[in-house]
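Okay, so here's the structure we're looking at.
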Amino acid sequence: MPDLRVRYGHPRSPSTASASSVEREHLEEELRWEDEMQESTRMPRTGVKWSTRLKALFKRKKNLKARTIHVGTEDVLDDNGRPLEGRRRWMRRRGQWKTYRRRGSNAICNQKYSLLSFLPKVLIQQFSMFYNMFYLMIAISQFIPLLRVGFVWTYMGPLSFVVLASMAKEASDELLRIKRDRQVNNYEYTLLVKSEDAVYERTEEHISSISDGFVKKVKVRSRDICVGDVLQLDCDERVPADCVLLRVCGQSEDVSESVFIRTDQLDGETDWKVRRAVNSTRKLDYDVDVVYCGGSVYAEKPHKEIYDFTGNFYAANSDVEPLTLENTLWMNTVVASGTVICMVVYTGRETRAVLNTSQPGSKVGTLDLEVNFMSKLLFLLLIGFSFTLACLRGFYPNFGIYFLRYFLLLAYMIPLAMRVNLDLARVVYSYFMMHDEAKMPGCLVRSSNLPEELGRVDYLLSDKTGTLTQNDMEMKKLHIGLALFGRENEGELASIAQAAFGGDGGAPSRRIDPSSMDVTPYLSEEAAGRRANPQRRIQNAVRDVLLAIAIAHNVTPAEDHGQRTMQASSPDEIALVKFVESVGIVLLERTQNIIRLRTPTGNEVVYEILYEFPFTSEAKRMGIIVRESRSRQIQFYVKGADSIMANIVKYNDWLDEECGNLARDGLRTLVYGKRTLDEETFRTFEDMWTEARTQRHNRKEAMAAAQSSIERALELVGLTGVEDKLQDNVRESLEKLRHAGIRIWMLTGDKVETAVCIAVSSRLAERSQQFFTITGLASVADASKRLNTLRRRNGEDVVVVDGSSLQIMLDNYPHEFMELMCRASSAVACRCSPTQKAAIARLVQNQMNKRVAAIGDGGNDVSMIQMANVGIGIPGKEGQQASLAADFSIVTFSHLNRLLLWHGRNSYKRAARLSQFIVHRGLIIATIQIVHCAMYYYAAVAVYNSWIQVGYATLFTMLPVFSLVLDEDISEWVADTYPELYRELRKGRSLNTKSFLTWVFKSVYQGTVIMVISVFVLWDDHYFTTMHLSAISFSALVFTELIMIAAEIHKW
């Protein structure tokens, strides 16, 4: 075996004779960069402005570039062969050239503030509210002696308390975010690097010392991972960046070169996905060979599409291998089996996970906006009353001064305590939700600013997998054209299967005479009418369909703590394999090269896997070409959606009807077909496929054409129906939400057929409703035609759209599309990326002016949850990411009814009434002040001491008014039994301009009566003093407020 010697080190100077061409390019590039920096520092002031430089520095946007990464070296180049910026730089320090690792290039940052931006951003946020800005101006005015009408601290104290309390809350939330980010960023991974100045010899004597002497295993933090790093990831370890899978550790002839990953935090699907190592590196003798293989990876420019990747692997011997999605490990996926070696191609903001994540913004509830609008109306009233008093006093030279003094005297009309009372009330609402253990256990409130929004939801955007369904599949029905078998016929199907496999050359465990079997109960009507040796025909059909199910899949049997388990990329595949095992066909082994089965007679059959065609959202089918080991017969099996399979199977008269029957039962349907290939046909296909895989342009189209060349005249062997079990009480919950007037849309990353089945089984769509599908659009013209067709519908259909068509609509016709979607009774969006989910939530809010609630349980739902007015997370099989990012967290979807119909109703009704009473409390005391000024010849003198007014809003009336947060206008039973009552809340009539004007009239009337009666009581000059007038009127004021509260309470 020839020796392979590799030098690992760094050039010490630009003139290093032994430096490679790539290293020299690095040095030349760094010299140019250093010269440019020196020139820029010497630039005269007459040149480029420093402001322009600073603006370019802070607003510079990183360009996303394709790159070529050399395995095991420092070389990362762009398309032009230049070093990729941001990887590592060659720096000249003390006369020597060294490299340093760029730190923080892969850091995750969910922080809203920095150390410098926290104070200004929080202050801007606080004083953007009209209340705080108004009282800030009032407090500042009290430092002017001419305008002083009370004590300065009676204005500054409450304002400082409100602002500091809000800042403390923001700081606490920010510290929690920083803590979570540090836990992720500081997690250590194993980095494989070459030993410095080591000579690597591949000889039999040095095998045991290869990993110790020639490859170092270095621990590196997640935040410091760079493009080109070769990482070793163990089972159940999170992938820290976008990588290309180079090798499965310890693989041999008996170990599969593929690995399973979990992608639930990326696309929301809990199905395990298969990823395969690069062919050139998986064939190496030892794991350490990967670092010294001398190959390079070309990776395309980063983009958002998580289901697509185009690249090439260039081996040391100049062989080129195409790279696809199957060779990738995206960030935030988890290695589900084995230990892998991978190379980083994208980090940080270039990764698919980050590109599909939108930045969260601060949410402001509708009630806050309405209260802010009321404060502006009060401000106009304040100006009107002040101007009226100043005019009545007369246009003297001091008209402006008196106008300002009247303005300051009546400033209590705008209550600063509004914000404090609402925040405290929200704490109480949150407490009620989190302690509703009897009917809503496990509820968590992570954002205490939005409880009222739960009572005014217009649209509900829901994820499917793990939210509406349990992601637990069960095979329900099998149709073979001649007969229909259900789960209850499993025993009879096993008997037929044993008879069908009786002639496979093995000794059956129990021979059954076919002529003695009565299969009439399982025959379809057509087959029963033409009974021509039905037993043999049924046995052959059963044999074909069971073999198709047992072969056309991606399930791998494994041992876990002595228990036999199955790993697969889809739970329905596991359900199908378990079904065929229940009738006697057992999957013994499934690798990249073979499938080994045990038939019902006890014989073992081995199939050699020649080619596989994995399922994709575009193809909507998967195929496999196998060769039976004994007969050497080549079979091509295909399974897929009925809409695709109907065009590639032979003519039949039952497929469409039976698919419709199973779909109406809410079952996920799969159609199976097969074709026997002769050697000539197979060789022709093999040549086409090999040529297509090596093309650099239009590779996908060429591969699809090669696959289609053999997908002709397939024999239809069977139809399966699989049930995805729903969450408990999902149907009842959706029914009540629809009666409450809430439009429900399902946004999922799953395929169209699966989503439609769940929509039917969950009663999201009624059986009588039709589906209007917008799928497979390829151009803007196609989109325009479908929109025109949808516009002519009556609005009772359920609109179904796939991801690619949705993107065309959002890019070209966002307003028209959303308007027509909102006219439909409900909608289903399939193959949605996280960005598309967030875009839908944003468009419904902004363009349609509707309040949106979003609910999900996966990492792919985080963007949607954060974009919606109210985000609701469910912790479950897909992790805690959605629950942690949501405003509210519930255990199961059925708890959503109580969260909205009961807690949401109470929060909104109580907050609306509390706001009205606080406004009434300020208006009535302002009215008393107006009457007092008028009685004393328009003197700008306060009727009450400043501290008395502070005590009125706190000590005397705060607790009675705040007790409204405990009131209930209806009982729990009524709210649950009559969800139609929720429709009134959505109209916002509890707090609108009409109700505001009503309370203004009450306040003006009551304040005037109180002051007039107080004067009448003290009409006698002996008792009429300013102190007595203030005491009588203040007592009447507090007494009136208490009576008003008692009259408004519904439940004592």
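In the structure tokens, each chain is lettered A, B, ... as it comes, each chain's residues begin at 1, and ligands are numbered from 1 in order of appearance.
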Alpha helix (DSSP H) call set, DSSP backbone run, region 697-784 of chain A, as number ranges by chain: A: 699-708, 730-739, 752-761, 780-784
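Using only C-alpha atoms, the protein and nucleic acid residues lying no more than 10 Å from region 108-111 of chain A, apart from those fewer than 4 places from it along its own chain, are Gly104, Asp173, Glu174, Leu175, Leu176, Arg177, Ile178, Lys179, Arg180, Asp181, Arg182, Val184, Asn185, Ser222, Arg223, Pro240, Gly348, Arg349, Val354, Gln359 and Pro360 of chain A.
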Long-range neighbours of Phe432 (chain A) as a ChimeraX atom specification, 12 Å cut-off, only C-alpha atoms, 2 positions minimum in chain: /A:425-430,434-441,443-445,448,451,898-899,902-904,906-907,965-966
Dump as a PDB file, in the first residue's frame, selection limited to N, CA and C atoms:
ATOM      1  N   ALA A 425     -54.014  43.963  36.413  1.00  0.00           N
ATOM      2  CA  ALA A 425     -55.143  43.104  36.059  1.00  0.00           C
ATOM      3  C   ALA A 425     -54.685  41.931  35.203  1.00  0.00           C
ATOM      4  N   ARG A 426     -53.741  42.173  34.293  1.00  0.00           N
ATOM      5  CA  ARG A 426     -53.235  41.087  33.453  1.00  0.00           C
ATOM      6  C   ARG A 426     -52.497  40.042  34.263  1.00  0.00           C
ATOM      7  N   VAL A 427     -51.855  40.471  35.325  1.00  0.00           N
ATOM      8  CA  VAL A 427     -51.223  39.502  36.222  1.00  0.00           C
ATOM      9  C   VAL A 427     -52.277  38.591  36.846  1.00  0.00           C
ATOM     10  N   VAL A 428     -53.407  39.180  37.213  1.00  0.00           N
ATOM     11  CA  VAL A 428     -54.496  38.377  37.794  1.00  0.00           C
ATOM     12  C   VAL A 428     -55.071  37.427  36.751  1.00  0.00           C
ATOM     13  N   TYR A 429     -55.294  37.913  35.527  1.00  0.00           N
ATOM     14  CA  TYR A 429     -55.820  37.037  34.483  1.00  0.00           C
ATOM     15  C   TYR A 429     -54.863  35.865  34.226  1.00  0.00           C
ATOM     16  N   SER A 430     -53.566  36.171  34.206  1.00  0.00           N
ATOM     17  CA  SER A 430     -52.573  35.117  33.983  1.00  0.00           C
ATOM     18  C   SER A 430     -52.592  34.108  35.120  1.00  0.00           C
ATOM     19  N   MET A 434     -53.177  30.018  34.671  1.00  0.00           N
ATOM     20  CA  MET A 434     -52.157  29.043  35.063  1.00  0.00           C
ATOM     21  C   MET A 434     -52.603  28.164  36.224  1.00  0.00           C
ATOM     22  N   HIS A 435     -53.629  28.572  36.949  1.00  0.00           N
ATOM     23  CA  HIS A 435     -54.095  27.780  38.082  1.00  0.00           C
ATOM     24  C   HIS A 435     -55.461  27.151  37.817  1.00  0.00           C
ATOM     25  N   ASP A 436     -55.816  27.049  36.544  1.00  0.00           N
ATOM     26  CA  ASP A 436     -57.045  26.345  36.174  1.00  0.00           C
ATOM     27  C   ASP A 436     -56.732  24.862  35.993  1.00  0.00           C
ATOM     28  N   GLU A 437     -56.306  24.229  37.067  1.00  0.00           N
ATOM     29  CA  GLU A 437     -55.837  22.847  37.012  1.00  0.00           C
ATOM     30  C   GLU A 437     -56.960  21.857  36.745  1.00  0.00           C
ATOM     31  N   ALA A 438     -58.166  22.195  37.095  1.00  0.00           N
ATOM     32  CA  ALA A 438     -59.261  21.248  36.933  1.00  0.00           C
ATOM     33  C   ALA A 438     -59.593  21.006  35.464  1.00  0.00           C
ATOM     34  N   LYS A 439     -59.623  22.058  34.657  1.00  0.00           N
ATOM     35  CA  LYS A 439     -60.064  21.924  33.270  1.00  0.00           C
ATOM     36  C   LYS A 439     -59.009  22.332  32.237  1.00  0.00           C
ATOM     37  N   MET A 440     -57.913  22.940  32.671  1.00  0.00           N
ATOM     38  CA  MET A 440     -56.864  23.332  31.732  1.00  0.00           C
ATOM     39  C   MET A 440     -55.499  23.206  32.414  1.00  0.00           C
ATOM     40  N   PRO A 441     -55.121  21.991  32.814  1.00  0.00           N
ATOM     41  CA  PRO A 441     -53.850  21.828  33.536  1.00  0.00           C
ATOM     42  C   PRO A 441     -52.659  22.083  32.622  1.00  0.00           C
ATOM     43  N   CYS A 443     -51.222  24.920  31.812  1.00  0.00           N
ATOM     44  CA  CYS A 443     -51.205  26.159  31.029  1.00  0.00           C
ATOM     45  C   CYS A 443     -50.152  27.108  31.604  1.00  0.00           C
ATOM     46  N   LEU A 444     -49.391  27.735  30.704  1.00  0.00           N
ATOM     47  CA  LEU A 444     -48.379  28.707  31.092  1.00  0.00           C
ATOM     48  C   LEU A 444     -48.594  29.993  30.313  1.00  0.00           C
ATOM     49  N   VAL A 445     -48.466  31.127  30.985  1.00  0.00           N
ATOM     50  CA  VAL A 445     -48.578  32.439  30.348  1.00  0.00           C
ATOM     51  C   VAL A 445     -47.177  33.043  30.314  1.00  0.00           C
ATOM     52  N   SER A 448     -47.533  38.388  29.571  1.00  0.00           N
ATOM     53  CA  SER A 448     -48.686  38.843  30.355  1.00  0.00           C
ATOM     54  C   SER A 448     -49.330  40.089  29.772  1.00  0.00           C
ATOM     55  N   PRO A 451     -53.551  38.959  27.477  1.00  0.00           N
ATOM     56  CA  PRO A 451     -54.704  38.104  27.803  1.00  0.00           C
ATOM     57  C   PRO A 451     -55.999  38.556  27.141  1.00  0.00           C
ATOM     58  N   ARG A 898     -61.379  26.413  26.074  1.00  0.00           N
ATOM     59  CA  ARG A 898     -61.527  27.087  27.357  1.00  0.00           C
ATOM     60  C   ARG A 898     -60.647  28.335  27.423  1.00  0.00           C
ATOM     61  N   LEU A 899     -59.477  28.274  26.804  1.00  0.00           N
ATOM     62  CA  LEU A 899     -58.581  29.421  26.812  1.00  0.00           C
ATOM     63  C   LEU A 899     -59.222  30.624  26.117  1.00  0.00           C
ATOM     64  N   TRP A 902     -63.592  31.074  27.495  1.00  0.00           N
ATOM     65  CA  TRP A 902     -63.812  31.421  28.896  1.00  0.00           C
ATOM     66  C   TRP A 902     -62.796  32.446  29.403  1.00  0.00           C
ATOM     67  N   HIS A 903     -61.531  32.062  29.406  1.00  0.00           N
ATOM     68  CA  HIS A 903     -60.520  32.984  29.930  1.00  0.00           C
ATOM     69  C   HIS A 903     -60.360  34.198  29.024  1.00  0.00           C
ATOM     70  N   GLY A 904     -60.410  33.986  27.714  1.00  0.00           N
ATOM     71  CA  GLY A 904     -60.311  35.125  26.814  1.00  0.00           C
ATOM     72  C   GLY A 904     -61.471  36.076  26.966  1.00  0.00           C
ATOM     73  N   ASN A 906     -63.419  36.508  29.690  1.00  0.00           N
ATOM     74  CA  ASN A 906     -63.331  37.208  30.972  1.00  0.00           C
ATOM     75  C   ASN A 906     -62.250  38.292  30.944  1.00  0.00           C
ATOM     76  N   SER A 907     -61.106  37.976  30.339  1.00  0.00           N
ATOM     77  CA  SER A 907     -60.017  38.955  30.313  1.00  0.00           C
ATOM     78  C   SER A 907     -60.429  40.202  29.559  1.00  0.00           C
ATOM     79  N   VAL A 965     -61.922  42.922  38.234  1.00  0.00           N
ATOM     80  CA  VAL A 965     -61.203  41.836  37.559  1.00  0.00           C
ATOM     81  C   VAL A 965     -61.666  40.469  38.048  1.00  0.00           C
ATOM     82  N   LEU A 966     -62.492  40.429  39.057  1.00  0.00           N
ATOM     83  CA  LEU A 966     -63.020  39.161  39.572  1.00  0.00           C
ATOM     84  C   LEU A 966     -64.446  38.906  39.107  1.00  0.00           C
TER      85      LEU A 966
END
Region 362-502 of chain A: residues DSSP assigns to strand (DSSP E), reported as a ChimeraX atom specification: /A:444-445,459-462,469-479,484-486
Within 12 Å of Glu658 (chain A), counting only C-alpha atoms, which residues show up once you throw out same-chain ones fewer than 6 positions away? Write them as a PDB file with N, CA and C atoms, in the first residue's frame, please.
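The result, written out as out-v4.pdb:
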ATOM      1  N   LYS A 477     -57.324   0.064   6.057  1.00  0.00           N
ATOM      2  CA  LYS A 477     -57.970  -0.656   4.968  1.00  0.00           C
ATOM      3  C   LYS A 477     -56.969  -0.952   3.862  1.00  0.00           C
ATOM      4  N   LEU A 478     -57.212  -2.080   3.174  1.00  0.00           N
ATOM      5  CA  LEU A 478     -56.402  -2.502   2.035  1.00  0.00           C
ATOM      6  C   LEU A 478     -57.340  -2.948   0.922  1.00  0.00           C
ATOM      7  N   HIS A 479     -57.204  -2.306  -0.239  1.00  0.00           N
ATOM      8  CA  HIS A 479     -58.054  -2.646  -1.385  1.00  0.00           C
ATOM      9  C   HIS A 479     -57.160  -3.170  -2.508  1.00  0.00           C
ATOM     10  N   ILE A 480     -57.526  -4.345  -3.062  1.00  0.00           N
ATOM     11  CA  ILE A 480     -56.724  -4.947  -4.125  1.00  0.00           C
ATOM     12  C   ILE A 480     -57.501  -5.023  -5.436  1.00  0.00           C
ATOM     13  N   GLY A 481     -58.583  -4.288  -5.534  1.00  0.00           N
ATOM     14  CA  GLY A 481     -59.388  -4.312  -6.737  1.00  0.00           C
ATOM     15  C   GLY A 481     -60.447  -5.387  -6.710  1.00  0.00           C
ATOM     16  N   LEU A 482     -60.038  -6.601  -6.342  1.00  0.00           N
ATOM     17  CA  LEU A 482     -60.981  -7.704  -6.241  1.00  0.00           C
ATOM     18  C   LEU A 482     -61.654  -7.764  -4.885  1.00  0.00           C
ATOM     19  N   ALA A 483     -61.012  -7.241  -3.871  1.00  0.00           N
ATOM     20  CA  ALA A 483     -61.536  -7.374  -2.511  1.00  0.00           C
ATOM     21  C   ALA A 483     -61.063  -6.205  -1.666  1.00  0.00           C
ATOM     22  N   LEU A 484     -61.802  -5.933  -0.620  1.00  0.00           N
ATOM     23  CA  LEU A 484     -61.480  -4.892   0.347  1.00  0.00           C
ATOM     24  C   LEU A 484     -61.325  -5.530   1.715  1.00  0.00           C
ATOM     25  N   SER A 524     -65.256  -7.391  -3.986  1.00  0.00           N
ATOM     26  CA  SER A 524     -66.007  -6.214  -4.391  1.00  0.00           C
ATOM     27  C   SER A 524     -67.173  -6.652  -5.254  1.00  0.00           C
ATOM     28  N   ASP A 642     -52.658   9.202  -5.360  1.00  0.00           N
ATOM     29  CA  ASP A 642     -53.541   8.714  -6.419  1.00  0.00           C
ATOM     30  C   ASP A 642     -53.574   9.658  -7.610  1.00  0.00           C
ATOM     31  N   ASN A 652     -57.972   1.125 -15.242  1.00  0.00           N
ATOM     32  CA  ASN A 652     -58.775   0.340 -14.313  1.00  0.00           C
ATOM     33  C   ASN A 652     -60.048   1.114 -14.041  1.00  0.00           C
ATOM     34  N   ARG A 664     -62.922  10.130   2.045  1.00  0.00           N
ATOM     35  CA  ARG A 664     -64.080  10.621   2.796  1.00  0.00           C
ATOM     36  C   ARG A 664     -64.104  10.073   4.219  1.00  0.00           C
ATOM     37  N   ASP A 665     -63.440   8.949   4.429  1.00  0.00           N
ATOM     38  CA  ASP A 665     -63.306   8.406   5.781  1.00  0.00           C
ATOM     39  C   ASP A 665     -62.139   9.027   6.531  1.00  0.00           C
ATOM     40  N   LEU A 667     -58.895   8.900   5.632  1.00  0.00           N
ATOM     41  CA  LEU A 667     -57.709   8.051   5.586  1.00  0.00           C
ATOM     42  C   LEU A 667     -56.712   8.597   4.570  1.00  0.00           C
ATOM     43  N   THR A 669     -54.317   7.906   1.677  1.00  0.00           N
ATOM     44  CA  THR A 669     -54.292   6.847   0.660  1.00  0.00           C
ATOM     45  C   THR A 669     -52.937   6.802  -0.027  1.00  0.00           C
ATOM     46  N   LEU A 670     -52.510   5.593  -0.340  1.00  0.00           N
ATOM     47  CA  LEU A 670     -51.312   5.350  -1.126  1.00  0.00           C
ATOM     48  C   LEU A 670     -51.639   4.286  -2.163  1.00  0.00           C
ATOM     49  N   VAL A 671     -51.249   4.531  -3.400  1.00  0.00           N
ATOM     50  CA  VAL A 671     -51.490   3.603  -4.499  1.00  0.00           C
ATOM     51  C   VAL A 671     -50.182   2.901  -4.827  1.00  0.00           C
ATOM     52  N   GLY A 718     -52.565  -2.396  -5.626  1.00  0.00           N
ATOM     53  CA  GLY A 718     -53.348  -2.194  -4.412  1.00  0.00           C
ATOM     54  C   GLY A 718     -53.445  -0.748  -3.981  1.00  0.00           C
ATOM     55  N   LEU A 719     -54.326  -0.546  -3.027  1.00  0.00           N
ATOM     56  CA  LEU A 719     -54.588   0.777  -2.456  1.00  0.00           C
ATOM     57  C   LEU A 719     -54.691   0.621  -0.953  1.00  0.00           C
ATOM     58  N   THR A 720     -53.947   1.449  -0.210  1.00  0.00           N
ATOM     59  CA  THR A 720     -53.960   1.369   1.251  1.00  0.00           C
ATOM     60  C   THR A 720     -54.587   2.625   1.829  1.00  0.00           C
ATOM     61  N   GLY A 721     -55.185   2.485   3.009  1.00  0.00           N
ATOM     62  CA  GLY A 721     -55.757   3.602   3.748  1.00  0.00           C
ATOM     63  C   GLY A 721     -55.214   3.614   5.164  1.00  0.00           C
TER      64      GLY A 721
END
Long-range neighbours of Ile594 (chain A) as a ChimeraX atom specification, 12 Å cut-off, only C-alpha atoms, 3 positions minimum in chain: /A:253-256,551,554,556,587-591,597,605-612,624-629
Would you mind exporting the chosen residues as an mmCIF file, in the first residue's frame, restricted to N, CA, C and O atoms?
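And here's result39.cif as it stands now:
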data_model
loop_
_atom_site.group_PDB
_atom_site.id
_atom_site.type_symbol
_atom_site.label_atom_id
_atom_site.label_comp_id
_atom_site.auth_asym_id
_atom_site.auth_seq_id
_atom_site.Cartn_x
_atom_site.Cartn_y
_atom_site.Cartn_z
ATOM 1 N N GLU A 253 -18.905 -3.521 6.069
ATOM 2 C CA GLU A 253 -19.769 -4.195 5.117
ATOM 3 C C GLU A 253 -21.134 -4.515 5.716
ATOM 4 O O GLU A 253 -22.108 -4.683 5.008
ATOM 5 N N ASP A 254 -21.178 -4.639 7.041
ATOM 6 C CA ASP A 254 -22.423 -5.032 7.700
ATOM 7 C C ASP A 254 -23.173 -3.849 8.285
ATOM 8 O O ASP A 254 -24.221 -4.006 8.886
ATOM 9 N N VAL A 255 -22.610 -2.644 8.180
ATOM 10 C CA VAL A 255 -23.237 -1.467 8.773
ATOM 11 C C VAL A 255 -23.693 -0.540 7.657
ATOM 12 O O VAL A 255 -22.964 -0.300 6.699
ATOM 13 N N SER A 256 -24.882 -0.031 7.784
ATOM 14 C CA SER A 256 -25.434 0.829 6.747
ATOM 15 C C SER A 256 -24.664 2.136 6.676
ATOM 16 O O SER A 256 -24.178 2.655 7.679
ATOM 17 N N ILE A 551 -41.587 -4.063 0.312
ATOM 18 C CA ILE A 551 -40.353 -3.685 -0.382
ATOM 19 C C ILE A 551 -40.260 -2.176 -0.601
ATOM 20 O O ILE A 551 -39.202 -1.576 -0.404
ATOM 21 N N ASN A 554 -38.795 2.780 3.292
ATOM 22 C CA ASN A 554 -37.473 3.164 3.777
ATOM 23 C C ASN A 554 -37.341 2.828 5.254
ATOM 24 O O ASN A 554 -36.693 3.560 6.009
ATOM 25 N N THR A 556 -36.083 0.732 8.496
ATOM 26 C CA THR A 556 -34.925 -0.061 8.915
ATOM 27 C C THR A 556 -35.204 -0.657 10.280
ATOM 28 O O THR A 556 -35.431 0.084 11.249
ATOM 29 N N LEU A 587 -40.047 -8.085 8.029
ATOM 30 C CA LEU A 587 -38.853 -7.417 7.545
ATOM 31 C C LEU A 587 -37.690 -7.744 8.476
ATOM 32 O O LEU A 587 -37.653 -7.295 9.620
ATOM 33 N N LEU A 588 -36.725 -8.527 7.983
ATOM 34 C CA LEU A 588 -35.585 -8.937 8.797
ATOM 35 C C LEU A 588 -34.430 -7.952 8.716
ATOM 36 O O LEU A 588 -33.748 -7.704 9.708
ATOM 37 N N GLU A 589 -34.200 -7.421 7.538
ATOM 38 C CA GLU A 589 -33.050 -6.538 7.339
ATOM 39 C C GLU A 589 -33.341 -5.594 6.186
ATOM 40 O O GLU A 589 -33.933 -5.978 5.179
ATOM 41 N N ARG A 590 -32.883 -4.355 6.353
ATOM 42 C CA ARG A 590 -33.036 -3.365 5.293
ATOM 43 C C ARG A 590 -31.823 -2.446 5.335
ATOM 44 O O ARG A 590 -31.652 -1.660 6.251
ATOM 45 N N THR A 591 -30.930 -2.590 4.331
ATOM 46 C CA THR A 591 -29.751 -1.749 4.237
ATOM 47 C C THR A 591 -29.812 -0.955 2.943
ATOM 48 O O THR A 591 -30.820 -0.955 2.240
ATOM 49 N N LEU A 597 -36.555 -10.535 3.673
ATOM 50 C CA LEU A 597 -37.887 -10.778 4.209
ATOM 51 C C LEU A 597 -38.043 -12.228 4.612
ATOM 52 O O LEU A 597 -37.377 -13.118 4.077
ATOM 53 N N VAL A 605 -36.406 -14.480 1.851
ATOM 54 C CA VAL A 605 -36.218 -14.008 0.488
ATOM 55 C C VAL A 605 -35.383 -12.741 0.554
ATOM 56 O O VAL A 605 -35.645 -11.846 1.363
ATOM 57 N N VAL A 606 -34.362 -12.659 -0.315
ATOM 58 C CA VAL A 606 -33.451 -11.516 -0.338
ATOM 59 C C VAL A 606 -33.623 -10.791 -1.663
ATOM 60 O O VAL A 606 -33.596 -11.416 -2.738
ATOM 61 N N TYR A 607 -33.765 -9.448 -1.573
ATOM 62 C CA TYR A 607 -33.877 -8.601 -2.752
ATOM 63 C C TYR A 607 -32.705 -7.629 -2.763
ATOM 64 O O TYR A 607 -32.427 -6.964 -1.760
ATOM 65 N N GLU A 608 -32.045 -7.561 -3.900
ATOM 66 C CA GLU A 608 -30.945 -6.621 -4.070
ATOM 67 C C GLU A 608 -31.500 -5.285 -4.554
ATOM 68 O O GLU A 608 -32.231 -5.231 -5.550
ATOM 69 N N ILE A 609 -31.170 -4.222 -3.852
ATOM 70 C CA ILE A 609 -31.634 -2.894 -4.220
ATOM 71 C C ILE A 609 -30.716 -2.331 -5.300
ATOM 72 O O ILE A 609 -29.513 -2.136 -5.079
ATOM 73 N N LEU A 610 -31.280 -2.058 -6.446
ATOM 74 C CA LEU A 610 -30.504 -1.521 -7.560
ATOM 75 C C LEU A 610 -30.565 0.000 -7.604
ATOM 76 O O LEU A 610 -29.536 0.666 -7.706
ATOM 77 N N TYR A 611 -31.776 0.557 -7.508
ATOM 78 C CA TYR A 611 -31.940 2.014 -7.517
ATOM 79 C C TYR A 611 -33.138 2.368 -6.646
ATOM 80 O O TYR A 611 -34.100 1.601 -6.536
ATOM 81 N N GLU A 612 -33.040 3.561 -6.058
ATOM 82 C CA GLU A 612 -34.135 4.093 -5.265
ATOM 83 C C GLU A 612 -34.467 5.502 -5.744
ATOM 84 O O GLU A 612 -33.582 6.274 -6.120
ATOM 85 N N ILE A 624 -38.611 2.056 -6.288
ATOM 86 C CA ILE A 624 -37.459 1.231 -5.968
ATOM 87 C C ILE A 624 -37.359 0.112 -7.004
ATOM 88 O O ILE A 624 -38.363 -0.492 -7.387
ATOM 89 N N ILE A 625 -36.149 -0.138 -7.469
ATOM 90 C CA ILE A 625 -35.869 -1.231 -8.405
ATOM 91 C C ILE A 625 -35.069 -2.282 -7.656
ATOM 92 O O ILE A 625 -34.008 -1.980 -7.093
ATOM 93 N N VAL A 626 -35.581 -3.505 -7.614
ATOM 94 C CA VAL A 626 -34.939 -4.590 -6.881
ATOM 95 C C VAL A 626 -34.786 -5.806 -7.795
ATOM 96 O O VAL A 626 -35.495 -5.972 -8.795
ATOM 97 N N ARG A 627 -33.836 -6.661 -7.413
ATOM 98 C CA ARG A 627 -33.629 -7.928 -8.111
ATOM 99 C C ARG A 627 -33.734 -9.059 -7.096
ATOM 100 O O ARG A 627 -33.020 -9.054 -6.091
ATOM 101 N N GLU A 628 -34.624 -10.001 -7.358
ATOM 102 C CA GLU A 628 -34.798 -11.156 -6.467
ATOM 103 C C GLU A 628 -33.587 -12.065 -6.596
ATOM 104 O O GLU A 628 -33.122 -12.363 -7.698
ATOM 105 N N SER A 629 -33.039 -12.502 -5.446
ATOM 106 C CA SER A 629 -31.745 -13.187 -5.439
ATOM 107 C C SER A 629 -31.784 -14.540 -6.131
ATOM 108 O O SER A 629 -30.805 -14.950 -6.752
#
Length of the CA of Arg221 (chain A) to CA of Tyr189 (chain A) vector [Å]: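 Computing the Euclidean distance for CA of Arg221 (chain A) and CA of Tyr189 (chain A) yields 6.2 Å.
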Contacts of Thr676 (chain A) within 9 Å, only C-alpha atoms, excl. fewer than 3 positions in-chain, as a list in words: Gln633, Ile634, Gln635, Phe636, Tyr637 and Leu714 of chain A
Distance of CA of Met418 (chain A) from CA of Ala168 (chain A), expressed in Å to one decimal place: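 Separation between CA of Ala168 (chain A) and CA of Met418 (chain A): 18.7 Å.
Residue nearest Thr351 (chain A) within the list A:Leu460, A:Val227, A:Tyr402, A:Ser805: A:Val227 [criterion: smallest interatomic distance, only C-alpha atoms].
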One-decimal distance in Å that lies between CA of Ile742 (chain A) and CA of Leu461 (chain A): 10.2 Å
Pick from A:Arg275, A:Arg823, A:Lys216, A:Lys112 nearest to Gly72 (chain A), counting only C-alpha atoms: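 Closest candidate: A:Lys216.
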